[in-house]
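Peer 1: First the structure, which I've put down as structure tokens, then a few questions once you've had a look.
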Amino acid sequence: DAQKAALIEEIRALLKQEDAAIVAHYYTDPEIQALADETGGCVSDSLEMARFGRDHDASTLLVAGVRFMGETAKILSPEKRILMPTLEATCSLDLGCPAEEFSAFCDQHPDRTVVVYANTSAAVKARADWVITSSIALDVVRYLHERGEKLIWAPDKHLGSYIQNETGADMILWDSACIVHDEFRSKGVEDLKAVHPGAAVLVHPESPDSVVALADVVGSTSQLIAAARDLPNDTLIVATDKAIFYKMQQEAPGKLLIEAPTAGNGATCRSCAHCPWMGMNQLENIRDVLKNGDQEILVDEGVRRKAVQSLGRMLNFNK
Ligand code: CIZ
Ligand code: SF4
């Protein structure tokens with residue numbers, strides 16, 4: 001509508017004026033992803049977001065996603081101004097792994113290499129030896145396992161357990177979960193498969209083991225989007241945040257995409273397959289932060305210097 005078109009025009013002008021680029025995650029609302037596409041920004045998974053942020057020449061990055069993604073951008077590009085639509089957008093995995101408690105836990109296992117998921121605070125990344133995203137997790141853990149290293153893994157227990165099963169690595173798992181993916185249930189996926197016997201099942205590894213066990217493809221958001229495009233199946237059952245359907249449907253036109261059921265529905269589920277923090281990113285607060293510059297990500301320089309090493313290992317990792 002006309003009001004929205006005017007808002008988008010206003011944002012476009014502000015992006016130019018502020019020398020800013022937008023990078024948005026696949027779980028943000030479709031209109032945010034469309035905006036990032038339209039304005040020459042980038043829509044991607046968290047590894048690609050990190051690379052885009054580091055390599056783009058804009059002096060301001062507007063990170064539409066959740067806080068750890070803004071912090072990662074700041075860690076990799078300290079000279080850039082990093083803005084977010086709202087600093088209140090966090091993640092249950094980040095919340096579930098407080099830095100002091102985690103550091104004390106690592107101290108109890110000094111012989112173990114500390115590997116953490118990108119979905120953590122800057123301080124947790126600073127304590128880690130490696131930071132990894134879901135798109136590169138298996139490759140890195142396989143490599144460390146082959147070198148005989150024993151690991152601490154944090155914070156997502158489902159992703160950790162999936163990696164452990166796939167690689168056979170010796171891993172102690174931190175006990176935390178994503179409130180979105182933790183709600184998928186194998187029963188619901190099995191029922192859907194009975195109705196659509198030709199369907200392929202695509203699962204993000206933050207989902208419970210019993211759901212991962214039913215998957216034809218397990219992967220990060222960008223890996224699942226590629227699978228939706230490349231698989232021969234016309235029908236796909238997808239267990240991840242439903243905002244991914246925007247990009248997935250573009251990449252797999254004509255295919256039937258079906259949401260995997262969550263444990264609850266409507267009034268009873270915590271997230272109903274859409275991350276409440278990703279949903280805090282809106283056109284209005286994108287406009288506001290470009291005007292006011294108030295929701296800026298800052299990271300302590302001592303923390304940043306340590307975190308850039310563990311993140312750098314991932315970015316420089318070659319299979
Ligand atoms: O927050 C998530 O669940 C992420 C980072 C997913 C992904 O694979 O990009
Ligand atoms: Fe965190 Fe889950 Fe939201 Fe991703 S979808 S930001 S893992 S709570």
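Lettering and numbering for the structure tokens are positional, with chains as A, B, ... in the shown order, residues counted from 1 in each chain, and ligands counted from 1 in the shown order.
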Taking only C-alpha atoms and all ligand atoms into account, produce a table as CSV in which each residue of chain A with an atom at most 6 Å from an atom of ligand 1 appears once, together with its shortest atom pair and the distance in Å to one decimal, ordered by chain and rising number.

Peer 2:
residue,atom,partner,partner_atom_place_in_ligand_line,distance
A:Asp45,CA,ligand 1,9 (O),3.7
A:Ser46,CA,ligand 1,9 (O),4.9
A:Ser134,CA,ligand 1,8 (O),5.4
A:Ser220,CA,ligand 1,8 (O),3.5
A:Thr221,CA,ligand 1,8 (O),4.1

Peer 1: Name the residues in contact with Gly188 of chain A at a cut-off of 9 Å, using only C-alpha atoms, excluding same-chain residues fewer than 2 positions from it; report them as a ChimeraX atom specification.

Peer 2: /A:184-186,190-193,260-263

Peer 1: Can you write out the residues you just picked, keeping C-alpha atoms, as a PDB file, in the first residue's frame?

Peer 2:
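Full text of result_1.pdb as output:
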ATOM      1  CA  PHE A 184       8.942 -29.500  16.437  1.00  0.00           C
ATOM      2  CA  ARG A 185       7.705 -33.038  17.097  1.00  0.00           C
ATOM      3  CA  SER A 186       8.331 -36.309  15.235  1.00  0.00           C
ATOM      4  CA  GLU A 190       5.187 -38.583  10.636  1.00  0.00           C
ATOM      5  CA  ASP A 191       1.496 -37.720  10.303  1.00  0.00           C
ATOM      6  CA  LEU A 192       2.291 -35.281   7.492  1.00  0.00           C
ATOM      7  CA  LYS A 193       4.465 -37.848   5.746  1.00  0.00           C
ATOM      8  CA  ALA A 260       6.236 -29.023  10.173  1.00  0.00           C
ATOM      9  CA  PRO A 261       3.806 -28.971  13.109  1.00  0.00           C
ATOM     10  CA  THR A 262       4.897 -27.621  16.495  1.00  0.00           C
ATOM     11  CA  ALA A 263       4.120 -29.125  19.901  1.00  0.00           C
TER      12      ALA A 263
END

Peer 1: Which is closest to ligand 2 among A:Leu95, A:Ala6, A:Ala128, A:Leu14, if we use only C-alpha atoms and all ligand atoms?

Peer 2: A:Leu95

Peer 1: Using backbone DSSP assignments, extract all strand (DSSP E) residues from segment 48-296 of chain A; output them as an mmCIF file with C-alpha atoms, in the first residue's frame.

Peer 2:
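After the write, states.cif holds the following:
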data_model
loop_
_atom_site.group_PDB
_atom_site.id
_atom_site.type_symbol
_atom_site.label_atom_id
_atom_site.label_comp_id
_atom_site.auth_asym_id
_atom_site.auth_seq_id
_atom_site.Cartn_x
_atom_site.Cartn_y
_atom_site.Cartn_z
ATOM 1 C CA THR A 60 27.227 1.622 8.599
ATOM 2 C CA LEU A 61 25.674 -1.829 8.673
ATOM 3 C CA LEU A 62 22.067 -2.266 9.646
ATOM 4 C CA VAL A 63 21.759 -5.806 10.972
ATOM 5 C CA ALA A 64 18.179 -7.107 10.832
ATOM 6 C CA ARG A 81 28.937 1.568 12.905
ATOM 7 C CA ILE A 82 26.616 -1.376 13.562
ATOM 8 C CA LEU A 83 22.949 -0.554 14.061
ATOM 9 C CA THR A 113 38.754 -27.456 23.092
ATOM 10 C CA VAL A 114 35.874 -25.009 23.488
ATOM 11 C CA VAL A 115 33.563 -24.826 20.474
ATOM 12 C CA VAL A 116 30.560 -22.509 20.557
ATOM 13 C CA TYR A 117 27.721 -21.828 18.193
ATOM 14 C CA TRP A 130 36.229 -21.862 17.896
ATOM 15 C CA VAL A 131 32.965 -20.224 16.883
ATOM 16 C CA ILE A 132 30.917 -22.094 14.287
ATOM 17 C CA LEU A 151 35.417 -30.808 22.966
ATOM 18 C CA ILE A 152 33.083 -28.693 25.018
ATOM 19 C CA TRP A 153 30.063 -27.723 22.923
ATOM 20 C CA ALA A 154 27.651 -24.871 23.713
ATOM 21 C CA MET A 171 31.787 -33.719 23.293
ATOM 22 C CA ILE A 172 30.382 -32.423 26.559
ATOM 23 C CA LEU A 173 27.163 -30.598 25.742
ATOM 24 C CA ALA A 200 11.039 -34.783 1.445
ATOM 25 C CA VAL A 201 11.641 -33.647 5.015
ATOM 26 C CA LEU A 202 14.012 -30.698 5.598
ATOM 27 C CA VAL A 203 15.130 -30.098 9.184
ATOM 28 C CA VAL A 217 18.200 -33.170 4.570
ATOM 29 C CA VAL A 218 19.602 -31.574 7.741
ATOM 30 C CA THR A 235 6.419 -31.434 -1.829
ATOM 31 C CA LEU A 236 8.648 -30.454 1.076
ATOM 32 C CA ILE A 237 7.958 -30.632 4.806
ATOM 33 C CA VAL A 238 10.095 -27.999 6.506
ATOM 34 C CA ALA A 239 11.079 -27.880 10.181
ATOM 35 C CA LEU A 256 4.455 -27.230 -2.202
ATOM 36 C CA LEU A 257 6.122 -26.140 1.049
ATOM 37 C CA ILE A 258 4.500 -27.390 4.249
ATOM 38 C CA GLU A 259 5.285 -26.241 7.791
#

Peer 1: With only C-alpha atoms and all ligand atoms counted, collect every polymer residue having an atom within 7 Å of ligand 2; state the result as a count of residues only.

Peer 2: 15

Peer 1: Which residue is closest to Ser176 of chain A? Choose from A:Phe102, A:Phe52, A:Tyr27, A:Phe245 and count only C-alpha atoms.

Peer 2: A:Phe102

Peer 1: When you look at Pro232 of chain A with a cut-off of 10 Å (counting only C-alpha atoms), what residues show up, excluding the ones that are within fewer than 4 positions of it in the same chain? I need them as a ChimeraX atom specification.

Peer 2: /A:199-200,227-228,255

Peer 1: To one decimal in Å, tell me the separation between atom CA of Thr120 of chain A and atom CA of Pro30 of chain A.

Peer 2: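 A separation of 24.8 Å between them.
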
Peer 1: Figure out the distance between atom CA of Ala118 of chain A and atom CA of Asp94 of chain A, please, to one decimal in Å.

Peer 2: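 That distance, rounded to one decimal, is 9.1 Å.
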
Peer 1: Counting only C-alpha atoms, figure out which residue out of A:His196, A:His158, A:Lys80, A:Lys187 gets nearest to Glu18 of chain A.

Peer 2: A:Lys80

Peer 1: Measuring atom to atom with only C-alpha atoms, identify which of A:His56, A:Arg304, A:Arg112, A:His204 is nearest to Pro78 of chain A.

Peer 2: A:Arg304

Peer 1: Closest to Ala126 of chain A among A:Ser59, A:Asn265, A:Glu9, A:Thr72, using only C-alpha atoms?

Peer 2: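 Between A:Ser59, A:Asn265, A:Glu9, A:Thr72, the residue approaching Ala126 of chain A most closely is A:Thr72.
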